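Visitor: my_file_25.cif is reproduced below (mmCIF, C-alpha atoms).
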```
data_query
loop_
_atom_site.label_atom_id
_atom_site.label_comp_id
_atom_site.auth_asym_id
_atom_site.auth_seq_id
_atom_site.Cartn_x
_atom_site.Cartn_y
_atom_site.Cartn_z
CA MET A 278 33.37 -33.98 -13.81
CA VAL A 279 32.09 -32.79 -10.45
CA LYS A 280 30.89 -29.19 -10.37
CA TRP A 281 31.78 -27.01 -7.39
CA THR A 282 30.30 -23.63 -6.48
CA ASP A 283 32.66 -20.99 -5.10
CA LYS A 284 31.05 -21.49 -1.69
CA GLU A 285 31.66 -25.25 -1.80
CA ARG A 286 35.29 -24.73 -2.77
CA SER A 287 35.89 -22.35 0.08
CA THR A 288 34.02 -24.60 2.54
CA VAL A 289 36.20 -27.60 1.68
CA ARG A 290 39.35 -25.47 2.02
CA THR A 291 38.20 -24.00 5.34
CA VAL A 292 37.38 -27.42 6.79
CA TRP A 293 40.70 -28.82 5.56
CA GLU A 294 42.66 -25.93 7.06
CA SER A 295 41.06 -26.45 10.45
CA ILE A 296 42.18 -30.09 10.53
CA ASP A 297 45.43 -31.05 12.21
CA ILE A 298 46.44 -34.14 10.22
CA ASP A 299 48.76 -35.39 12.98
CA GLU A 300 45.86 -35.28 15.42
CA LEU A 301 42.98 -36.46 13.27
CA GLY A 302 44.82 -39.03 11.12
CA PRO A 303 45.42 -41.49 13.95
CA GLU A 304 41.88 -40.97 15.29
CA VAL A 305 40.30 -41.70 11.91
CA LEU A 306 42.13 -44.99 11.36
CA ARG A 307 41.47 -46.06 14.96
CA ARG A 308 37.76 -45.45 14.40
CA VAL A 309 37.79 -47.52 11.19
CA LEU A 310 39.49 -50.47 12.89
CA ILE A 311 37.27 -50.34 16.00
CA VAL A 312 33.91 -49.64 14.36
CA TYR A 313 34.48 -51.93 11.34
CA PRO A 314 36.74 -54.70 12.69
CA TRP A 315 36.96 -56.66 9.43
CA THR A 316 39.26 -53.93 8.14
CA GLU A 317 41.93 -55.34 10.45
CA ARG A 318 42.62 -57.92 7.74
CA TYR A 319 44.39 -55.24 5.67
CA PHE A 320 46.94 -54.44 8.34
CA GLY A 321 48.54 -57.78 9.13
CA ALA A 322 51.97 -56.16 9.38
CA PHE A 323 50.89 -53.78 12.15
CA GLY A 324 51.23 -56.20 15.03
CA ASP A 325 48.49 -56.33 17.64
CA ILE A 326 45.34 -54.64 16.38
CA PHE A 327 42.85 -57.11 17.79
CA THR A 328 41.57 -55.31 20.86
CA THR A 329 40.39 -51.75 21.32
CA THR A 330 43.25 -51.03 23.72
CA ALA A 331 45.83 -52.42 21.29
CA ILE A 332 44.43 -50.38 18.41
CA LEU A 333 44.41 -47.17 20.45
CA GLN A 334 48.06 -47.66 21.45
CA ASN A 335 49.48 -49.07 18.22
CA PRO A 336 52.06 -46.64 16.76
CA LYS A 337 51.82 -48.12 13.22
CA VAL A 338 48.08 -47.43 13.19
CA ALA A 339 48.73 -43.85 14.24
CA ALA A 340 51.46 -43.37 11.62
CA HIS A 341 49.38 -44.87 8.84
CA GLY A 342 46.36 -42.79 9.76
CA ILE A 343 48.50 -39.72 9.11
CA VAL A 344 49.62 -41.11 5.72
CA VAL A 345 46.03 -41.73 4.66
CA LEU A 346 44.70 -38.37 5.78
CA ARG A 347 47.64 -36.53 4.24
CA ALA A 348 46.64 -38.00 0.87
CA LEU A 349 43.38 -36.03 1.05
CA ASP A 350 45.47 -32.90 0.55
CA GLN A 351 45.83 -33.88 -3.12
CA ALA A 352 42.07 -33.84 -3.54
CA VAL A 353 41.70 -30.47 -1.79
CA LYS A 354 44.37 -29.02 -4.12
CA ASN A 355 42.88 -30.59 -7.27
CA MET A 356 39.14 -30.41 -6.75
CA ASP A 357 38.47 -30.17 -10.50
CA ASN A 358 40.43 -33.29 -11.27
CA ILE A 359 40.09 -35.64 -8.35
CA LYS A 360 39.59 -38.66 -10.60
CA ASP A 361 42.92 -38.34 -12.39
CA THR A 362 44.69 -37.22 -9.21
CA TYR A 363 43.82 -40.54 -7.54
CA ALA A 364 44.19 -42.87 -10.57
CA ALA A 365 47.51 -44.33 -9.45
CA LEU A 366 46.35 -44.68 -5.84
CA SER A 367 43.16 -46.40 -7.01
CA ARG A 368 45.15 -48.87 -9.10
CA LEU A 369 47.44 -49.52 -6.15
CA HIS A 370 44.50 -50.29 -3.86
CA PHE A 371 42.95 -52.58 -6.47
CA GLU A 372 45.92 -54.46 -7.91
CA LYS A 373 48.42 -54.56 -5.06
CA LEU A 374 46.55 -53.98 -1.81
CA GLU A 375 43.36 -55.78 -2.93
CA VAL A 376 41.13 -53.56 -0.79
CA ASP A 377 37.37 -54.05 -1.02
CA PRO A 378 36.22 -50.64 -2.30
CA ASP A 379 33.24 -50.63 0.08
CA ASN A 380 35.80 -49.78 2.74
CA PHE A 381 36.52 -46.40 1.14
CA ARG A 382 33.02 -45.30 2.10
CA LEU A 383 33.53 -46.53 5.67
CA LEU A 384 36.77 -44.56 5.90
CA ALA A 385 35.01 -41.48 4.53
CA ASP A 386 32.28 -41.87 7.18
CA CYS A 387 34.89 -42.06 9.95
CA ILE A 388 36.68 -38.98 8.57
CA THR A 389 33.36 -37.10 8.68
CA ILE A 390 32.68 -38.23 12.26
CA SER A 391 36.18 -37.18 13.40
CA VAL A 392 35.83 -33.83 11.65
CA ALA A 393 32.39 -33.32 13.25
CA CYS A 394 33.89 -34.10 16.67
CA LYS A 395 36.60 -31.53 16.01
CA LEU A 396 34.54 -28.74 14.42
CA ARG A 397 31.44 -29.24 16.64
CA ALA A 398 28.74 -26.68 15.73
CA GLU A 399 30.82 -25.37 12.80
CA MET A 400 30.03 -28.65 11.07
CA ASN A 401 26.58 -27.24 10.31
CA PRO A 402 24.21 -28.87 7.77
CA GLN A 403 25.58 -27.02 4.72
CA VAL A 404 29.19 -27.70 5.70
CA GLN A 405 28.27 -31.36 6.22
CA ALA A 406 26.60 -31.53 2.81
CA THR A 407 29.62 -29.98 1.06
CA TRP A 408 32.16 -32.07 2.95
CA GLN A 409 30.27 -35.29 2.20
CA LYS A 410 30.00 -34.31 -1.48
CA PHE A 411 33.77 -33.80 -1.51
CA LEU A 412 34.49 -37.15 0.17
CA GLN A 413 32.07 -38.88 -2.20
CA ALA A 414 34.12 -37.53 -5.14
CA VAL A 415 37.27 -38.91 -3.47
CA VAL A 416 35.61 -42.31 -2.87
CA ASP A 417 34.42 -42.41 -6.49
CA ALA A 418 37.94 -41.63 -7.71
CA MET A 419 39.40 -44.36 -5.48
CA CYS A 420 36.93 -46.85 -7.01
CA ALA A 421 37.49 -45.65 -10.59
CA GLN A 422 40.37 -47.98 -11.52
CA TYR A 423 38.67 -51.08 -10.15
CA TYR A 424 37.22 -53.52 -12.67
CA MET B 210 19.01 -62.12 17.92
CA VAL B 211 21.54 -59.35 18.30
CA GLU B 212 24.04 -59.88 21.10
CA TRP B 213 25.20 -56.92 23.15
CA SER B 214 28.30 -56.91 25.30
CA ASP B 215 28.01 -55.24 28.71
CA SER B 216 30.26 -52.43 27.52
CA GLU B 217 28.08 -51.87 24.43
CA ARG B 218 24.92 -51.75 26.52
CA SER B 219 26.41 -49.29 28.92
CA ALA B 220 27.91 -47.12 26.13
CA ILE B 221 24.51 -46.90 24.43
CA THR B 222 22.47 -46.17 27.55
CA SER B 223 25.06 -43.69 28.79
CA LEU B 224 25.13 -41.82 25.47
CA TRP B 225 21.32 -41.89 25.28
CA GLY B 226 21.18 -40.39 28.76
CA LYS B 227 23.21 -37.42 27.54
CA ILE B 228 21.16 -36.84 24.40
CA ASN B 229 18.50 -34.12 24.49
CA VAL B 230 15.91 -35.45 22.04
CA ALA B 231 14.40 -31.97 21.56
CA GLU B 232 17.81 -30.67 20.49
CA ILE B 233 19.35 -33.53 18.49
CA GLY B 234 16.13 -34.74 16.82
CA PRO B 235 15.41 -31.53 14.89
CA GLN B 236 19.11 -31.18 13.96
CA ALA B 237 19.22 -34.70 12.56
CA LEU B 238 16.12 -34.24 10.42
CA VAL B 239 17.37 -30.85 9.16
CA ARG B 240 20.63 -32.49 8.11
CA LEU B 241 18.78 -35.31 6.35
CA LEU B 242 16.79 -32.80 4.30
CA VAL B 243 19.82 -30.62 3.51
CA VAL B 244 22.41 -33.32 2.82
CA TYR B 245 20.03 -35.75 1.08
CA PRO B 246 17.53 -33.34 -0.52
CA TRP B 247 15.46 -36.07 -2.19
CA GLY B 248 14.25 -36.84 1.33
CA GLN B 249 12.14 -33.67 1.08
CA ARG B 250 9.63 -35.57 -1.09
CA TYR B 251 8.27 -37.23 2.05
CA PHE B 252 7.37 -33.95 3.70
CA GLY B 253 5.17 -32.22 1.15
CA SER B 254 2.83 -30.97 3.87
CA PHE B 255 5.62 -29.27 5.83
CA GLY B 256 5.60 -26.01 3.87
CA ASP B 257 8.76 -24.24 2.77
CA LEU B 258 11.78 -26.56 2.44
CA SER B 259 13.29 -24.74 -0.52
CA THR B 260 16.47 -23.48 1.14
CA CYS B 261 18.70 -24.57 3.98
CA ALA B 262 17.55 -21.55 5.98
CA ALA B 263 13.91 -22.48 5.37
CA ILE B 264 14.52 -26.05 6.51
CA MET B 265 16.40 -24.91 9.61
CA GLY B 266 13.60 -22.50 10.54
CA ASN B 267 10.72 -24.84 9.73
CA ALA B 268 8.70 -25.61 12.88
CA LYS B 269 7.16 -28.80 11.42
CA VAL B 270 10.61 -30.17 10.63
CA ALA B 271 11.73 -29.44 14.19
CA LYS B 272 8.66 -31.07 15.70
CA HIS B 273 8.90 -34.14 13.50
CA GLY B 274 12.63 -34.47 14.17
CA GLN B 275 11.84 -34.61 17.85
CA THR B 276 9.14 -37.26 17.26
CA VAL B 277 11.47 -39.48 15.21
CA MET B 278 14.38 -39.16 17.65
CA GLY B 279 12.05 -39.80 20.58
CA GLY B 280 11.10 -43.06 18.90
CA LEU B 281 14.63 -44.32 19.58
CA GLU B 282 13.74 -44.45 23.27
CA ASN B 283 11.79 -47.66 22.61
CA ALA B 284 14.86 -49.25 21.12
CA VAL B 285 17.07 -48.21 24.05
CA LYS B 286 14.51 -49.67 26.48
CA ASN B 287 14.11 -52.90 24.46
CA MET B 288 17.59 -53.59 23.18
CA ASP B 289 17.02 -57.34 23.20
CA ASN B 290 13.86 -57.11 21.15
CA ILE B 291 14.28 -54.22 18.74
CA LYS B 292 12.94 -56.25 15.83
CA ASN B 293 9.49 -56.76 17.34
CA THR B 294 9.47 -53.35 18.98
CA TYR B 295 9.59 -51.70 15.55
CA SER B 296 7.50 -54.11 13.53
CA LYS B 297 4.39 -51.87 13.39
CA LEU B 298 6.50 -48.81 12.57
CA SER B 299 8.15 -50.79 9.78
CA VAL B 300 4.80 -51.81 8.31
CA MET B 301 3.66 -48.18 8.46
CA HIS B 302 6.78 -46.85 6.70
CA SER B 303 6.39 -49.46 3.97
CA GLU B 304 2.65 -49.58 3.36
CA LYS B 305 1.41 -46.14 4.33
CA LEU B 306 4.36 -43.74 4.05
CA HIS B 307 6.13 -45.51 1.14
CA VAL B 308 9.56 -44.49 2.42
CA ASP B 309 12.59 -45.81 0.52
CA PRO B 310 14.41 -47.75 3.26
CA ASP B 311 17.81 -46.39 2.15
CA ASN B 312 16.72 -43.22 3.90
CA PHE B 313 16.80 -44.97 7.28
CA ARG B 314 20.56 -45.38 6.95
CA ASN B 315 20.99 -41.78 5.82
CA LEU B 316 19.04 -40.57 8.87
CA ALA B 317 21.10 -42.85 11.14
CA ASP B 318 24.28 -41.31 9.68
CA CYS B 319 22.92 -37.81 10.32
CA ILE B 320 22.05 -38.71 13.91
CA SER B 321 25.62 -39.97 14.47
CA ILE B 322 27.10 -36.77 13.03
CA CYS B 323 24.87 -34.64 15.28
CA VAL B 324 25.98 -36.67 18.29
CA ALA B 325 29.66 -36.41 17.27
CA ALA B 326 29.37 -32.65 16.78
CA LYS B 327 27.55 -32.22 20.09
CA PHE B 328 29.81 -34.30 22.33
CA GLY B 329 33.24 -34.28 20.68
CA PRO B 330 35.92 -36.98 20.64
CA GLN B 331 36.24 -37.44 24.42
CA VAL B 332 32.64 -38.64 24.71
CA PHE B 333 32.08 -40.00 21.19
CA THR B 334 35.17 -42.18 21.34
CA PRO B 335 35.80 -44.94 18.76
CA GLN B 336 34.36 -47.49 21.21
CA VAL B 337 31.21 -45.44 21.80
CA GLN B 338 30.90 -44.87 18.03
CA GLU B 339 31.10 -48.65 17.46
CA ALA B 340 28.34 -49.39 19.98
CA TRP B 341 26.13 -46.50 18.85
CA GLN B 342 26.42 -47.32 15.14
CA LYS B 343 25.73 -51.01 15.85
CA PHE B 344 22.64 -49.94 17.79
CA LEU B 345 21.42 -47.69 14.95
CA ALA B 346 22.16 -50.44 12.39
CA VAL B 347 19.90 -52.81 14.37
CA VAL B 348 17.15 -50.16 14.46
CA VAL B 349 17.51 -49.57 10.70
CA SER B 350 17.36 -53.30 10.06
CA ALA B 351 14.20 -53.61 12.20
CA LEU B 352 12.57 -50.76 10.28
CA MET B 353 13.37 -52.46 6.98
CA ARG B 354 12.17 -55.84 8.09
CA GLN B 355 8.48 -55.58 7.21
CA TYR B 356 9.11 -54.26 3.71
CA HIS B 357 8.25 -56.52 0.85
#
```
What do you get writing this file as structure tokens?

Guide:
Amino acid sequence: MVKWTDKERSTVRTVWESIDIDELGPEVLRRVLIVYPWTERYFGAFGDIFTTTAILQNPKVAAHGIVVLRALDQAVKNMDNIKDTYAALSRLHFEKLEVDPDNFRLLADCITISVACKLRAEMNPQVQATWQKFLQAVVDAMCAQYY
Amino acid sequence: MVEWSDSERSAITSLWGKINVAEIGPQALVRLLVVYPWGQRYFGSFGDLSTCAAIMGNAKVAKHGQTVMGGLENAVKNMDNIKNTYSKLSVMHSEKLHVDPDNFRNLADCISICVAAKFGPQVFTPQVQEAWQKFLAVVVSALMRQYH
């Protein structure tokens, strides 16, 4: 089980509270699709996501970005049990969605970049270290039901 | 050879033009040493790196951060030949400095976060992020190339 200091817990909560999911969710998924274009293969039902302009304007991308980011709330609320919290979601991504788990790390990187853009200097080195530790725990949990 | 679109070239050179190496370089190295603490093993001669505050206040870290970041200038100026541009530096990191090449990617990630935090989403757009991370990935690959 991941150990968290009081400071790390409060840092994760503070970062999470300063995020507007409706604003950052769309930005995060747009970044994933633009920076790592092979991820487009997972979103065949979204219509045109094959140019930067199309991705930036696509309403399904925006809506789904919000869905994905909202799911992080579960991890923030259950920091001592992230693995069990995401067990069903991990199985879903493995068995039904057939997502290559390497992509979880790419999504985490884009979340961190979007958060850094939003928080600017407040995303100082210690906050970055704690936030990345938190996202690593989420990524590990998302990979946990893969075999 | 890596192919760059015109928009990638211009995104990279434009972003590089905004970056103050003396500011971003130290920040990136500080973050590497704080977020990936095993990186501290390479800087035994730098003095006190025992706490985040010590790392942030360490003059040798700041100076070396600037040196490393300044090295990116060669890549920006030689985007069509990054592999050969960095071949000596790659040999040095492998044979003399014995640096685990995974650390190149960690430093590249820290540089990107510094740039994102400095310039925000209007400058570090998804398109700029794509070009910049592609550029850093090519630099990382060139630095790993002479390892054996």

Visitor: Determine the residue set returned by the PyMOL selection byres ((chain A) within 8 of (chain B)) for the present structure, and present it as an MDAnalysis selection string.

Guide: chainID A and resid 307:308 311:313 329 389:391 393:398 400 402:403 405:406

Visitor: I'd like the residues picked by the PyMOL selection byres ((chain A and resi 294) around 12) written out as JSON, numbers by chain, using the chain letters and numbers from the file.

Guide: {"A": [287, 288, 289, 290, 291, 292, 293, 295, 296, 297, 298, 349, 350, 353, 354, 392, 396]}

Visitor: Please list as a count of residues only every residue within 9 Å of segment 339-348 of chain A, counting all atoms listed in the file and excluding residues in the same chain fewer than 6 positions away.

Guide: 13

Visitor: Evaluate the PyMOL selection byres ((chain B and resi 218-220) around 9) and record the selected residues as a PyMOL selection string, following the chain and residue labels used in the document.

Guide: chain B and resi 213-217+221-225+285+288+336-338+340-341

Visitor: Could you tell me how far atom CA of Gly248 of chain B sits from atom CA of Ala421 of chain A, in Å to one decimal place?

Guide: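 Taking atom CA of Ala421 of chain A and atom CA of Gly248 of chain B, their separation equals 27.6 Å.
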
Visitor: I'd like to know which of A:Lys360, A:Ile326, A:Glu399, A:Gln422 is closest to Val309 of chain A, using all atoms listed in the file.

Guide: A:Ile326

Visitor: Measuring atom to atom with only C-alpha atoms, identify which of A:Ala414, A:Trp315, A:Phe381, A:Leu310 is nearest to Ala331 of chain A.

Guide: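 Of all the options, A:Leu310 lies closest to Ala331 of chain A.
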
Visitor: Set the distance at 7 Å and use only C-alpha atoms: which residues neighbour Tyr295 of chain B once local chain neighbours fewer than 4 positions away are removed? I'd like the list as number ranges by chain.

Guide: B: 291, 299, 351-352

Visitor: Interatomic distance between atom CA of Pro336 of chain A and atom CA of Phe344 of chain B?

Guide: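 Between atom CA of Pro336 of chain A and atom CA of Phe344 of chain B the gap works out to 29.6 Å.
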
Visitor: Go through A:Thr316, A:Asn355, A:Asn380, A:Asn401 and flag the residue nearest Cys420 of chain A, using all atoms listed in the file for the distances.

Guide: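 Counting all atoms listed in the file, the residue closest to Cys420 of chain A is A:Asn380.
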
Visitor: Residues at most 8 Å from segment 277-281 of chain B, counting only C-alpha atoms, excluding those fewer than 3 positions away in the same chain, as an NGL selection string?

Guide: :B and (230 or 233-234 or 273-274 or 284-285)

Visitor: Quick test: take segment 241-325 of chain B, keep C-alpha atoms, and write it as a PDB file, in the first residue's frame.

Guide:
```
ATOM      1  CA  LEU B 241      14.967  16.280 -11.481  1.00  0.00           C
ATOM      2  CA  LEU B 242      16.780  16.013  -8.153  1.00  0.00           C
ATOM      3  CA  VAL B 243      13.613  16.507  -6.075  1.00  0.00           C
ATOM      4  CA  VAL B 244      11.171  14.386  -8.080  1.00  0.00           C
ATOM      5  CA  TYR B 245      13.661  11.632  -8.985  1.00  0.00           C
ATOM      6  CA  PRO B 246      15.987  11.698  -5.956  1.00  0.00           C
ATOM      7  CA  TRP B 247      18.189   8.829  -7.175  1.00  0.00           C
ATOM      8  CA  GLY B 248      19.497  11.346  -9.696  1.00  0.00           C
ATOM      9  CA  GLN B 249      21.414  12.938  -6.817  1.00  0.00           C
ATOM     10  CA  ARG B 250      23.998  10.131  -7.038  1.00  0.00           C
ATOM     11  CA  TYR B 251      25.498  11.836 -10.086  1.00  0.00           C
ATOM     12  CA  PHE B 252      26.231  15.051  -8.232  1.00  0.00           C
ATOM     13  CA  GLY B 253      28.287  13.931  -5.253  1.00  0.00           C
ATOM     14  CA  SER B 254      30.598  16.931  -5.596  1.00  0.00           C
ATOM     15  CA  PHE B 255      27.748  19.449  -5.430  1.00  0.00           C
ATOM     16  CA  GLY B 256      27.544  19.634  -1.636  1.00  0.00           C
ATOM     17  CA  ASP B 257      24.272  19.643   0.258  1.00  0.00           C
ATOM     18  CA  LEU B 258      21.384  18.029  -1.655  1.00  0.00           C
ATOM     19  CA  SER B 259      19.726  16.547   1.414  1.00  0.00           C
ATOM     20  CA  THR B 260      16.508  18.572   1.362  1.00  0.00           C
ATOM     21  CA  CYS B 261      14.391  20.290  -1.254  1.00  0.00           C
ATOM     22  CA  ALA B 262      15.399  23.651   0.207  1.00  0.00           C
ATOM     23  CA  ALA B 263      19.075  22.696  -0.019  1.00  0.00           C
ATOM     24  CA  ILE B 264      18.689  21.642  -3.648  1.00  0.00           C
ATOM     25  CA  MET B 265      16.801  24.815  -4.532  1.00  0.00           C
ATOM     26  CA  GLY B 266      19.468  26.980  -2.896  1.00  0.00           C
ATOM     27  CA  ASN B 267      22.467  25.062  -4.221  1.00  0.00           C
ATOM     28  CA  ALA B 268      24.581  27.286  -6.489  1.00  0.00           C
ATOM     29  CA  LYS B 269      26.278  24.334  -8.239  1.00  0.00           C
ATOM     30  CA  VAL B 270      22.893  22.845  -9.134  1.00  0.00           C
ATOM     31  CA  ALA B 271      21.796  26.194 -10.576  1.00  0.00           C
ATOM     32  CA  LYS B 272      24.977  26.593 -12.584  1.00  0.00           C
ATOM     33  CA  HIS B 273      24.881  23.057 -13.920  1.00  0.00           C
ATOM     34  CA  GLY B 274      21.186  23.363 -14.780  1.00  0.00           C
ATOM     35  CA  GLN B 275      22.040  26.357 -16.903  1.00  0.00           C
ATOM     36  CA  THR B 276      24.881  24.442 -18.611  1.00  0.00           C
ATOM     37  CA  VAL B 277      22.646  21.465 -19.449  1.00  0.00           C
ATOM     38  CA  MET B 278      19.764  23.614 -20.703  1.00  0.00           C
ATOM     39  CA  GLY B 279      22.174  25.743 -22.731  1.00  0.00           C
ATOM     40  CA  GLY B 280      23.290  22.548 -24.453  1.00  0.00           C
ATOM     41  CA  LEU B 281      19.848  22.348 -26.069  1.00  0.00           C
ATOM     42  CA  GLU B 282      20.801  25.358 -28.181  1.00  0.00           C
ATOM     43  CA  ASN B 283      22.923  23.064 -30.362  1.00  0.00           C
ATOM     44  CA  ALA B 284      19.927  20.881 -31.032  1.00  0.00           C
ATOM     45  CA  VAL B 285      17.712  23.854 -31.925  1.00  0.00           C
ATOM     46  CA  LYS B 286      20.383  25.103 -34.340  1.00  0.00           C
ATOM     47  CA  ASN B 287      20.939  21.642 -35.869  1.00  0.00           C
ATOM     48  CA  MET B 288      17.482  20.129 -35.934  1.00  0.00           C
ATOM     49  CA  ASP B 289      18.269  18.075 -39.019  1.00  0.00           C
ATOM     50  CA  ASN B 290      21.375  16.556 -37.503  1.00  0.00           C
ATOM     51  CA  ILE B 291      20.749  16.153 -33.791  1.00  0.00           C
ATOM     52  CA  LYS B 292      22.160  12.629 -33.780  1.00  0.00           C
ATOM     53  CA  ASN B 293      25.661  13.665 -34.852  1.00  0.00           C
ATOM     54  CA  THR B 294      25.511  16.929 -32.930  1.00  0.00           C
ATOM     55  CA  TYR B 295      25.235  14.986 -29.660  1.00  0.00           C
ATOM     56  CA  SER B 296      27.427  12.013 -30.418  1.00  0.00           C
ATOM     57  CA  LYS B 297      30.404  13.190 -28.307  1.00  0.00           C
ATOM     58  CA  LEU B 298      28.107  14.174 -25.429  1.00  0.00           C
ATOM     59  CA  SER B 299      26.526  10.726 -25.623  1.00  0.00           C
ATOM     60  CA  VAL B 300      29.909   8.999 -25.463  1.00  0.00           C
ATOM     61  CA  MET B 301      30.837  11.160 -22.469  1.00  0.00           C
ATOM     62  CA  HIS B 302      27.616  10.378 -20.559  1.00  0.00           C
ATOM     63  CA  SER B 303      28.112   6.668 -21.184  1.00  0.00           C
ATOM     64  CA  GLU B 304      31.840   6.167 -20.732  1.00  0.00           C
ATOM     65  CA  LYS B 305      32.896   8.906 -18.354  1.00  0.00           C
ATOM     66  CA  LEU B 306      29.815   9.955 -16.371  1.00  0.00           C
ATOM     67  CA  HIS B 307      28.101   6.520 -16.322  1.00  0.00           C
ATOM     68  CA  VAL B 308      24.640   8.081 -16.382  1.00  0.00           C
ATOM     69  CA  ASP B 309      21.654   5.715 -16.593  1.00  0.00           C
ATOM     70  CA  PRO B 310      19.999   6.886 -19.829  1.00  0.00           C
ATOM     71  CA  ASP B 311      16.503   6.651 -18.283  1.00  0.00           C
ATOM     72  CA  ASN B 312      17.439   9.886 -16.561  1.00  0.00           C
ATOM     73  CA  PHE B 313      17.514  11.725 -19.899  1.00  0.00           C
ATOM     74  CA  ARG B 314      13.784  11.147 -20.270  1.00  0.00           C
ATOM     75  CA  ASN B 315      13.129  12.204 -16.679  1.00  0.00           C
ATOM     76  CA  LEU B 316      15.048  15.448 -17.255  1.00  0.00           C
ATOM     77  CA  ALA B 317      13.166  16.034 -20.528  1.00  0.00           C
ATOM     78  CA  ASP B 318       9.875  15.617 -18.625  1.00  0.00           C
ATOM     79  CA  CYS B 319      11.040  18.114 -15.995  1.00  0.00           C
ATOM     80  CA  ILE B 320      12.020  20.612 -18.691  1.00  0.00           C
ATOM     81  CA  SER B 321       8.539  20.313 -20.245  1.00  0.00           C
ATOM     82  CA  ILE B 322       6.859  20.871 -16.882  1.00  0.00           C
ATOM     83  CA  CYS B 323       8.999  23.967 -16.234  1.00  0.00           C
ATOM     84  CA  VAL B 324       8.057  25.315 -19.653  1.00  0.00           C
ATOM     85  CA  ALA B 325       4.350  24.546 -19.090  1.00  0.00           C
TER      86      ALA B 325
END
```
